[in-house]
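This is input.cif. It holds mmCIF, N, CA and C atoms.
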```
data_input
#
loop_
_atom_site.group_PDB
_atom_site.id
_atom_site.type_symbol
_atom_site.label_atom_id
_atom_site.label_comp_id
_atom_site.auth_asym_id
_atom_site.auth_seq_id
_atom_site.Cartn_x
_atom_site.Cartn_y
_atom_site.Cartn_z
ATOM 1 N N MET B 1 -23.611 47.016 -24.111
ATOM 2 C CA MET B 1 -23.766 46.208 -22.923
ATOM 3 C C MET B 1 -22.870 46.768 -21.823
ATOM 4 N N THR B 2 -23.409 46.709 -20.680
ATOM 5 C CA THR B 2 -22.631 47.199 -19.550
ATOM 6 C C THR B 2 -21.814 46.066 -18.960
ATOM 7 N N THR B 3 -20.917 46.425 -18.150
ATOM 8 C CA THR B 3 -20.064 45.438 -17.495
ATOM 9 C C THR B 3 -20.882 44.535 -16.584
ATOM 10 N N LEU B 4 -21.894 45.086 -15.952
ATOM 11 C CA LEU B 4 -22.741 44.299 -15.047
ATOM 12 C C LEU B 4 -23.506 43.222 -15.807
ATOM 13 N N SER B 5 -24.031 43.532 -16.974
ATOM 14 C CA SER B 5 -24.782 42.528 -17.725
ATOM 15 C C SER B 5 -23.866 41.421 -18.251
ATOM 16 N N ILE B 6 -22.633 41.745 -18.616
ATOM 17 C CA ILE B 6 -21.674 40.723 -19.049
ATOM 18 C C ILE B 6 -21.332 39.814 -17.875
ATOM 19 N N PHE B 7 -21.166 40.408 -16.707
ATOM 20 C CA PHE B 7 -20.854 39.639 -15.510
ATOM 21 C C PHE B 7 -21.999 38.693 -15.156
ATOM 22 N N LEU B 8 -23.223 39.149 -15.267
ATOM 23 C CA LEU B 8 -24.378 38.323 -14.942
ATOM 24 C C LEU B 8 -24.533 37.171 -15.939
ATOM 25 N N GLN B 9 -24.246 37.421 -17.209
ATOM 26 C CA GLN B 9 -24.328 36.357 -18.193
ATOM 27 C C GLN B 9 -23.255 35.295 -17.951
ATOM 28 N N ALA B 10 -22.087 35.714 -17.499
ATOM 29 C CA ALA B 10 -21.010 34.768 -17.224
ATOM 30 C C ALA B 10 -21.338 33.911 -16.005
ATOM 31 N N GLN B 11 -22.104 34.452 -15.066
ATOM 32 C CA GLN B 11 -22.451 33.723 -13.855
ATOM 33 C C GLN B 11 -23.547 32.678 -14.089
ATOM 34 N N GLN B 12 -24.290 32.767 -15.164
ATOM 35 C CA GLN B 12 -25.413 31.880 -15.406
ATOM 36 C C GLN B 12 -24.983 30.668 -16.236
ATOM 37 N N THR B 13 -24.114 29.864 -15.661
ATOM 38 C CA THR B 13 -23.690 28.644 -16.342
ATOM 39 C C THR B 13 -24.626 27.507 -15.952
ATOM 40 N N SER B 14 -24.607 26.492 -16.728
ATOM 41 C CA SER B 14 -25.491 25.351 -16.523
ATOM 42 C C SER B 14 -25.103 24.589 -15.256
ATOM 43 N N PRO B 15 -26.077 24.134 -14.475
ATOM 44 C CA PRO B 15 -25.733 23.326 -13.289
ATOM 45 C C PRO B 15 -25.150 21.963 -13.688
ATOM 46 N N TYR B 16 -25.443 21.525 -14.893
ATOM 47 C CA TYR B 16 -24.880 20.262 -15.368
ATOM 48 C C TYR B 16 -23.369 20.359 -15.529
ATOM 49 N N TYR B 17 -22.898 21.526 -15.927
ATOM 50 C CA TYR B 17 -21.469 21.742 -16.076
ATOM 51 C C TYR B 17 -20.775 21.561 -14.729
ATOM 52 N N SER B 18 -21.348 22.096 -13.688
ATOM 53 C CA SER B 18 -20.768 21.963 -12.350
ATOM 54 C C SER B 18 -20.774 20.505 -11.903
ATOM 55 N N MET B 19 -21.861 19.795 -12.189
ATOM 56 C CA MET B 19 -21.950 18.382 -11.814
ATOM 57 C C MET B 19 -20.910 17.548 -12.555
ATOM 58 N N ILE B 20 -20.750 17.825 -13.837
ATOM 59 C CA ILE B 20 -19.769 17.087 -14.642
ATOM 60 C C ILE B 20 -18.356 17.373 -14.141
ATOM 61 N N LEU B 21 -18.082 18.612 -13.814
ATOM 62 C CA LEU B 21 -16.764 18.991 -13.305
ATOM 63 C C LEU B 21 -16.489 18.299 -11.964
ATOM 64 N N LEU B 22 -17.470 18.296 -11.080
ATOM 65 C CA LEU B 22 -17.314 17.626 -9.789
ATOM 66 C C LEU B 22 -17.136 16.125 -9.979
ATOM 67 N N GLY B 23 -17.919 15.524 -10.855
ATOM 68 C CA GLY B 23 -17.783 14.094 -11.151
ATOM 69 C C GLY B 23 -16.408 13.767 -11.716
ATOM 70 N N GLY B 24 -15.892 14.618 -12.579
ATOM 71 C CA GLY B 24 -14.558 14.417 -13.143
ATOM 72 C C GLY B 24 -13.480 14.483 -12.077
ATOM 73 N N MET B 25 -13.639 15.411 -11.140
ATOM 74 C CA MET B 25 -12.663 15.525 -10.057
ATOM 75 C C MET B 25 -12.689 14.278 -9.165
ATOM 76 N N VAL B 26 -13.874 13.767 -8.867
ATOM 77 C CA VAL B 26 -13.994 12.552 -8.055
ATOM 78 C C VAL B 26 -13.376 11.373 -8.796
ATOM 79 N N LEU B 27 -13.612 11.268 -10.088
ATOM 80 C CA LEU B 27 -13.046 10.188 -10.888
ATOM 81 C C LEU B 27 -11.519 10.232 -10.888
ATOM 82 N N VAL B 28 -10.956 11.399 -11.079
ATOM 83 C CA VAL B 28 -9.500 11.547 -11.073
ATOM 84 C C VAL B 28 -8.942 11.189 -9.701
ATOM 85 N N PHE B 29 -9.600 11.655 -8.649
ATOM 86 C CA PHE B 29 -9.159 11.334 -7.288
ATOM 87 C C PHE B 29 -9.175 9.830 -7.068
ATOM 88 N N TRP B 30 -10.228 9.163 -7.510
ATOM 89 C CA TRP B 30 -10.334 7.716 -7.336
ATOM 90 C C TRP B 30 -9.248 6.989 -8.131
ATOM 91 N N LEU B 31 -9.025 7.425 -9.395
ATOM 92 C CA LEU B 31 -8.048 6.751 -10.255
ATOM 93 C C LEU B 31 -6.619 6.882 -9.741
ATOM 94 N N PHE B 32 -6.282 8.033 -9.212
ATOM 95 C CA PHE B 32 -4.889 8.284 -8.842
ATOM 96 C C PHE B 32 -4.587 8.125 -7.359
ATOM 97 N N MET B 33 -5.595 8.064 -6.504
ATOM 98 C CA MET B 33 -5.339 7.977 -5.071
ATOM 99 C C MET B 33 -5.904 6.696 -4.453
ATOM 100 N N ILE B 34 -7.168 6.463 -4.578
ATOM 101 C CA ILE B 34 -7.826 5.379 -3.857
ATOM 102 C C ILE B 34 -7.514 4.021 -4.477
ATOM 103 N N ARG B 35 -7.642 3.906 -5.781
ATOM 104 C CA ARG B 35 -7.448 2.617 -6.453
ATOM 105 C C ARG B 35 -6.037 2.060 -6.263
ATOM 106 N N PRO B 36 -4.966 2.849 -6.485
ATOM 107 C CA PRO B 36 -3.622 2.291 -6.271
ATOM 108 C C PRO B 36 -3.367 1.893 -4.821
ATOM 109 N N GLN B 37 -3.908 2.662 -3.875
ATOM 110 C CA GLN B 37 -3.721 2.336 -2.466
ATOM 111 C C GLN B 37 -4.420 1.026 -2.114
ATOM 112 N N ALA B 38 -5.611 0.815 -2.633
ATOM 113 C CA ALA B 38 -6.350 -0.430 -2.372
ATOM 114 C C ALA B 38 -5.623 -1.620 -3.005
ATOM 115 N N LYS B 39 -5.073 -1.427 -4.182
ATOM 116 C CA LYS B 39 -4.338 -2.496 -4.859
ATOM 117 C C LYS B 39 -3.083 -2.873 -4.066
ATOM 118 N N LYS B 40 -2.384 -1.866 -3.552
ATOM 119 C CA LYS B 40 -1.184 -2.111 -2.765
ATOM 120 C C LYS B 40 -1.530 -2.840 -1.464
ATOM 121 N N ALA B 41 -2.627 -2.458 -0.820
ATOM 122 C CA ALA B 41 -3.057 -3.118 0.419
ATOM 123 C C ALA B 41 -3.424 -4.576 0.151
ATOM 124 N N LYS B 42 -4.052 -4.846 -0.970
ATOM 125 C CA LYS B 42 -4.426 -6.221 -1.331
ATOM 126 C C LYS B 42 -3.181 -7.068 -1.565
ATOM 127 N N MET B 43 -2.182 -6.500 -2.232
ATOM 128 C CA MET B 43 -0.929 -7.224 -2.474
ATOM 129 C C MET B 43 -0.202 -7.508 -1.164
ATOM 130 N N ALA B 44 -0.201 -6.545 -0.239
ATOM 131 C CA ALA B 44 0.463 -6.736 1.046
ATOM 132 C C ALA B 44 -0.222 -7.826 1.853
ATOM 133 N N LYS B 45 -1.546 -7.851 1.841
ATOM 134 C CA LYS B 45 -2.287 -8.889 2.560
ATOM 135 C C LYS B 45 -1.984 -10.266 1.979
ATOM 136 N N GLN B 46 -1.940 -10.362 0.660
ATOM 137 C CA GLN B 46 -1.629 -11.634 0.006
ATOM 138 C C GLN B 46 -0.202 -12.075 0.348
ATOM 139 N N PHE B 47 0.724 -11.126 0.367
ATOM 140 C CA PHE B 47 2.117 -11.410 0.721
ATOM 141 C C PHE B 47 2.213 -11.973 2.141
ATOM 142 N N GLN B 48 1.484 -11.367 3.058
ATOM 143 C CA GLN B 48 1.512 -11.811 4.449
ATOM 144 C C GLN B 48 0.853 -13.173 4.621
ATOM 145 N N GLU B 49 -0.179 -13.449 3.858
ATOM 146 C CA GLU B 49 -0.866 -14.739 3.963
ATOM 147 C C GLU B 49 -0.038 -15.886 3.380
ATOM 148 N N ASN B 50 0.814 -15.596 2.403
ATOM 149 C CA ASN B 50 1.614 -16.633 1.735
ATOM 150 C C ASN B 50 2.959 -16.881 2.404
ATOM 151 N N MET B 51 3.175 -16.308 3.587
ATOM 152 C CA MET B 51 4.444 -16.465 4.279
ATOM 153 C C MET B 51 4.601 -17.910 4.790
ATOM 154 N N GLN B 52 5.809 -18.454 4.643
ATOM 155 C CA GLN B 52 6.078 -19.829 5.042
ATOM 156 C C GLN B 52 7.352 -19.894 5.868
ATOM 157 N N LYS B 53 7.521 -21.009 6.529
ATOM 158 C CA LYS B 53 8.723 -21.229 7.324
ATOM 159 C C LYS B 53 9.948 -21.199 6.409
ATOM 160 N N GLY B 54 10.977 -20.498 6.854
ATOM 161 C CA GLY B 54 12.219 -20.411 6.091
ATOM 162 C C GLY B 54 12.337 -19.166 5.230
ATOM 163 N N ASP B 55 11.249 -18.425 5.031
ATOM 164 C CA ASP B 55 11.306 -17.193 4.236
ATOM 165 C C ASP B 55 12.156 -16.147 4.948
ATOM 166 N N LYS B 56 13.004 -15.481 4.190
ATOM 167 C CA LYS B 56 13.798 -14.389 4.748
ATOM 168 C C LYS B 56 12.999 -13.102 4.588
ATOM 169 N N ILE B 57 12.861 -12.356 5.697
ATOM 170 C CA ILE B 57 12.024 -11.157 5.695
ATOM 171 C C ILE B 57 12.724 -10.001 6.398
ATOM 172 N N VAL B 58 12.151 -8.811 6.210
ATOM 173 C CA VAL B 58 12.582 -7.600 6.899
ATOM 174 C C VAL B 58 11.333 -6.951 7.478
ATOM 175 N N THR B 59 11.393 -6.552 8.742
ATOM 176 C CA THR B 59 10.246 -5.890 9.362
ATOM 177 C C THR B 59 10.258 -4.407 9.025
ATOM 178 N N ILE B 60 9.166 -3.716 9.333
ATOM 179 C CA ILE B 60 9.114 -2.276 9.079
ATOM 180 C C ILE B 60 10.072 -1.513 9.975
ATOM 181 N N ALA B 61 10.550 -2.161 11.046
ATOM 182 C CA ALA B 61 11.536 -1.549 11.930
ATOM 183 C C ALA B 61 12.962 -1.821 11.442
ATOM 184 N N GLY B 62 13.105 -2.636 10.391
ATOM 185 C CA GLY B 62 14.416 -2.919 9.825
ATOM 186 C C GLY B 62 15.086 -4.158 10.381
ATOM 187 N N ILE B 63 14.356 -4.990 11.102
ATOM 188 C CA ILE B 63 14.921 -6.212 11.667
ATOM 189 C C ILE B 63 14.895 -7.309 10.600
ATOM 190 N N HIS B 64 16.061 -7.895 10.349
ATOM 191 C CA HIS B 64 16.190 -8.963 9.361
ATOM 192 C C HIS B 64 16.130 -10.309 10.067
ATOM 193 N N GLY B 65 15.525 -11.281 9.422
ATOM 194 C CA GLY B 65 15.471 -12.616 9.994
ATOM 195 C C GLY B 65 14.769 -13.571 9.064
ATOM 196 N N SER B 66 14.577 -14.791 9.542
ATOM 197 C CA SER B 66 13.853 -15.784 8.756
ATOM 198 C C SER B 66 12.686 -16.307 9.584
ATOM 199 N N VAL B 67 11.619 -16.662 8.890
ATOM 200 C CA VAL B 67 10.399 -17.127 9.545
ATOM 201 C C VAL B 67 10.661 -18.519 10.115
ATOM 202 N N ASN B 68 10.425 -18.658 11.422
ATOM 203 C CA ASN B 68 10.593 -19.957 12.074
ATOM 204 C C ASN B 68 9.262 -20.678 12.203
ATOM 205 N N LYS B 69 8.194 -19.911 12.493
ATOM 206 C CA LYS B 69 6.880 -20.514 12.672
ATOM 207 C C LYS B 69 5.814 -19.479 12.363
ATOM 208 N N VAL B 70 4.779 -19.896 11.630
ATOM 209 C CA VAL B 70 3.639 -19.041 11.336
ATOM 210 C C VAL B 70 2.501 -19.463 12.259
ATOM 211 N N ASN B 71 2.071 -18.574 13.139
ATOM 212 C CA ASN B 71 1.020 -18.887 14.105
ATOM 213 C C ASN B 71 -0.351 -18.538 13.547
ATOM 214 N N GLU B 72 -1.371 -19.170 14.077
ATOM 215 C CA GLU B 72 -2.751 -18.958 13.622
ATOM 216 C C GLU B 72 -3.321 -17.606 14.063
ATOM 217 N N ASP B 73 -2.741 -16.996 15.083
ATOM 218 C CA ASP B 73 -3.281 -15.742 15.617
ATOM 219 C C ASP B 73 -2.763 -14.498 14.895
ATOM 220 N N GLY B 74 -2.136 -14.674 13.755
ATOM 221 C CA GLY B 74 -1.657 -13.531 12.972
ATOM 222 C C GLY B 74 -0.257 -13.093 13.338
ATOM 223 N N THR B 75 0.465 -13.931 14.069
ATOM 224 C CA THR B 75 1.845 -13.605 14.422
ATOM 225 C C THR B 75 2.776 -14.638 13.806
ATOM 226 N N ILE B 76 4.052 -14.286 13.791
ATOM 227 C CA ILE B 76 5.065 -15.232 13.335
ATOM 228 C C ILE B 76 6.201 -15.238 14.342
ATOM 229 N N SER B 77 6.944 -16.314 14.360
ATOM 230 C CA SER B 77 8.149 -16.409 15.164
ATOM 231 C C SER B 77 9.309 -16.154 14.210
ATOM 232 N N LEU B 78 10.052 -15.100 14.468
ATOM 233 C CA LEU B 78 11.134 -14.667 13.589
ATOM 234 C C LEU B 78 12.470 -15.007 14.230
ATOM 235 N N GLU B 79 13.298 -15.755 13.516
ATOM 236 C CA GLU B 79 14.631 -16.087 14.014
ATOM 237 C C GLU B 79 15.607 -15.041 13.484
ATOM 238 N N THR B 80 16.128 -14.217 14.399
ATOM 239 C CA THR B 80 17.030 -13.135 13.998
ATOM 240 C C THR B 80 18.477 -13.604 13.955
ATOM 241 N N SER B 81 18.846 -14.493 14.854
ATOM 242 C CA SER B 81 20.152 -15.141 14.839
ATOM 243 C C SER B 81 19.932 -16.548 15.396
ATOM 244 N N PRO B 82 20.847 -17.463 15.186
ATOM 245 C CA PRO B 82 20.617 -18.838 15.645
ATOM 246 C C PRO B 82 20.252 -18.899 17.142
ATOM 247 N N GLY B 83 19.056 -19.400 17.409
ATOM 248 C CA GLY B 83 18.583 -19.551 18.776
ATOM 249 C C GLY B 83 17.909 -18.313 19.355
ATOM 250 N N SER B 84 17.818 -17.237 18.607
ATOM 251 C CA SER B 84 17.190 -15.999 19.083
ATOM 252 C C SER B 84 15.911 -15.755 18.278
ATOM 253 N N TYR B 85 14.775 -15.738 18.979
ATOM 254 C CA TYR B 85 13.480 -15.644 18.314
ATOM 255 C C TYR B 85 12.703 -14.427 18.797
ATOM 256 N N LEU B 86 11.958 -13.821 17.886
ATOM 257 C CA LEU B 86 11.055 -12.714 18.196
ATOM 258 C C LEU B 86 9.663 -13.089 17.720
ATOM 259 N N LYS B 87 8.657 -12.724 18.500
ATOM 260 C CA LYS B 87 7.275 -12.942 18.073
ATOM 261 C C LYS B 87 6.763 -11.590 17.575
ATOM 262 N N ILE B 88 6.399 -11.526 16.281
ATOM 263 C CA ILE B 88 5.941 -10.264 15.693
ATOM 264 C C ILE B 88 4.632 -10.487 14.939
ATOM 265 N N GLU B 89 3.917 -9.399 14.711
ATOM 266 C CA GLU B 89 2.689 -9.431 13.919
ATOM 267 C C GLU B 89 3.054 -9.526 12.441
ATOM 268 N N LYS B 90 2.209 -10.189 11.671
ATOM 269 C CA LYS B 90 2.430 -10.283 10.218
ATOM 270 C C LYS B 90 2.380 -8.903 9.571
ATOM 271 N N SER B 91 1.578 -8.019 10.130
ATOM 272 C CA SER B 91 1.438 -6.680 9.553
ATOM 273 C C SER B 91 2.704 -5.836 9.729
ATOM 274 N N ALA B 92 3.645 -6.300 10.559
ATOM 275 C CA ALA B 92 4.886 -5.564 10.783
ATOM 276 C C ALA B 92 5.972 -5.937 9.778
ATOM 277 N N ILE B 93 5.629 -6.715 8.775
ATOM 278 C CA ILE B 93 6.609 -7.131 7.773
ATOM 279 C C ILE B 93 6.516 -6.206 6.564
ATOM 280 N N SER B 94 7.645 -5.696 6.144
ATOM 281 C CA SER B 94 7.690 -4.784 5.006
ATOM 282 C C SER B 94 7.802 -5.578 3.710
ATOM 283 N N MET B 95 6.782 -5.439 2.877
ATOM 284 C CA MET B 95 6.769 -6.149 1.607
ATOM 285 C C MET B 95 7.867 -5.605 0.685
ATOM 286 N N GLU B 96 8.057 -4.294 0.656
ATOM 287 C CA GLU B 96 9.042 -3.679 -0.233
ATOM 288 C C GLU B 96 10.463 -4.059 0.165
ATOM 289 N N TRP B 97 10.786 -3.941 1.448
ATOM 290 C CA TRP B 97 12.145 -4.243 1.901
ATOM 291 C C TRP B 97 12.456 -5.722 1.775
ATOM 292 N N THR B 98 11.469 -6.568 2.017
ATOM 293 C CA THR B 98 11.668 -8.007 1.857
ATOM 294 C C THR B 98 11.929 -8.348 0.391
ATOM 295 N N ALA B 99 11.204 -7.708 -0.507
ATOM 296 C CA ALA B 99 11.410 -7.937 -1.947
ATOM 297 C C ALA B 99 12.828 -7.496 -2.348
ATOM 298 N N GLN B 100 13.292 -6.363 -1.820
ATOM 299 C CA GLN B 100 14.640 -5.898 -2.132
ATOM 300 C C GLN B 100 15.688 -6.859 -1.586
ATOM 301 N N LEU B 101 15.468 -7.385 -0.377
ATOM 302 C CA LEU B 101 16.406 -8.337 0.225
ATOM 303 C C LEU B 101 16.491 -9.600 -0.624
ATOM 304 N N ASN B 102 15.354 -10.134 -1.020
ATOM 305 C CA ASN B 102 15.339 -11.366 -1.814
ATOM 306 C C ASN B 102 15.873 -11.137 -3.215
ATOM 307 N N LYS B 103 15.645 -9.952 -3.772
ATOM 308 C CA LYS B 103 16.161 -9.618 -5.101
ATOM 309 C C LYS B 103 17.697 -9.539 -5.069
ATOM 310 N N ALA B 104 18.233 -8.932 -4.020
ATOM 311 C CA ALA B 104 19.686 -8.822 -3.883
ATOM 312 C C ALA B 104 20.314 -10.198 -3.656
ATOM 313 N N ALA B 105 19.627 -11.058 -2.897
ATOM 314 C CA ALA B 105 20.144 -12.401 -2.660
ATOM 315 C C ALA B 105 20.129 -13.224 -3.951
ATOM 316 N N ALA B 106 19.090 -13.045 -4.772
ATOM 317 C CA ALA B 106 18.998 -13.777 -6.032
ATOM 318 C C ALA B 106 20.069 -13.292 -7.014
ATOM 319 N N ALA B 107 20.362 -11.987 -6.982
ATOM 320 C CA ALA B 107 21.383 -11.438 -7.881
ATOM 321 C C ALA B 107 22.785 -11.893 -7.480
ATOM 322 N N ALA B 108 22.995 -12.117 -6.183
ATOM 323 C CA ALA B 108 24.303 -12.556 -5.686
ATOM 324 C C ALA B 108 24.593 -14.017 -6.049
ATOM 325 N N LYS B 109 23.562 -14.793 -6.270
ATOM 326 C CA LYS B 109 23.761 -16.219 -6.591
ATOM 327 C C LYS B 109 24.170 -16.437 -7.981
#
```

Could you write out this structure as structure tokens?
Amino acid sequence: MTTLSIFLQAQQTSPYYSMILLGGMVLVFWLFMIRPQAKKAKMAKQFQENMQKGDKIVTIAGIHGSVNKVNEDGTISLETSPGSYLKIEKSAISMEWTAQLNKAAAAAK
């Protein structure tokens, strides 16, 4: 057999093999990239919807405060110091940093 005939035989793989390989790559991409991101977004939305007056939070900009009022338009009134209020979007609240703040406060008690 010549080198050319071996090369041609190697090139004639089944199209099903290529489809299975592509399907496997899409599955891996979905399992490791899309699914965890969607789950995290769902948890963040639930966290923002369950916010109540008096909750201590941290914004994505690092501003610490407590929720004074939850408005219907998707904003909250954040009390940063006594008598000082900021109006911010619910989406600007960091779920991770707020969890760390509350975890540290619970450990201190």

Given only C-alpha atoms, how would the per-residue table for stretch 3-58 of chain B near stretch 91-97 of chain B read, listing every residue at most 10 Å away with its closest atom pair and distance in Å to one decimal, sorted by chain and number, as JSON lines?
```
{"residue": "B:Lys40", "atom": "CA", "partner": "B:Met95", "partner_atom": "CA", "distance": 9.9}
{"residue": "B:Met43", "atom": "CA", "partner": "B:Met95", "partner_atom": "CA", "distance": 8.8}
{"residue": "B:Ala44", "atom": "CA", "partner": "B:Met95", "partner_atom": "CA", "distance": 6.4}
{"residue": "B:Lys45", "atom": "CA", "partner": "B:Ser91", "partner_atom": "CA", "distance": 8.2}
{"residue": "B:Phe47", "atom": "CA", "partner": "B:Met95", "partner_atom": "CA", "distance": 7.1}
{"residue": "B:Gln48", "atom": "CA", "partner": "B:Ser91", "partner_atom": "CA", "distance": 7.2}
{"residue": "B:Ile57", "atom": "CA", "partner": "B:Ile93", "partner_atom": "CA", "distance": 7.1}
{"residue": "B:Val58", "atom": "CA", "partner": "B:Ser94", "partner_atom": "CA", "distance": 6.0}
```

Inset, instruction - Point out the residue among B:Asn102, B:Ser77, B:Gln37, B:Ser14 with the least atom-to-atom distance to B:Gln52, counting only C-alpha atoms. - result: B:Ser77

Legend entry - Separation of atom C of B:Val70 from atom C of B:Leu101, in Å and rounded to one decimal: 21.4 Å

Inset, instruction - Determine which residues of chain B receive a DSSP assignment of helix (DSSP H, G or I), computed from the backbone, and state them as a PyMOL selection string. - result: chain B and resi 3-11+15-49+90-92+95-108

Inset, instruction - I would like the residues chosen by the PyMOL selection byres (((chain B and resi 82-89 and name CA) around 12) and name CA) on the shown file; could you give them as number ranges by chain? - result: B: 48-49, 57-61, 63-81, 90-94

Inset, instruction - Using backbone DSSP assignments, extract all strand (DSSP E or B) residues from chain B; output them as a list in words. - result: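 Listing strand (DSSP E or B) positions across chain B yields Lys56, Ile57, Val58, Thr59, His64, Gly65, Ser66, Val67, Asn68, Lys69, Val70, Thr75, Ile76, Ser77, Leu78, Glu79, Thr80, Ser81, Ser84, Tyr85, Leu86, Lys87, Ile88, Glu89 and Ile93 of chain B.
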
Listed atoms of stretch 44-61 of chain B boxed along x, y and z, 5 Å each side, centre and edge lengths in Å, one decimal, as AutoDock Vina command-line options:
```
--center_x 5.8 --center_y -11.4 --center_z 5.8 --size_x 26.1 --size_y 29.7 --size_z 22.2
```

Inset, instruction - Work out how far apart atom C of B:Ile20 and atom C of B:Pro36 are and give it in Å to one decimal. - result: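 Atom C of B:Ile20 sits 23.5 Å away from atom C of B:Pro36.
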
Legend entry - Atomic separation - atom N of B:Ala104 relative to atom C of B:Asp55, Å: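 Atom C of B:Asp55 sits 13.0 Å away from atom N of B:Ala104.
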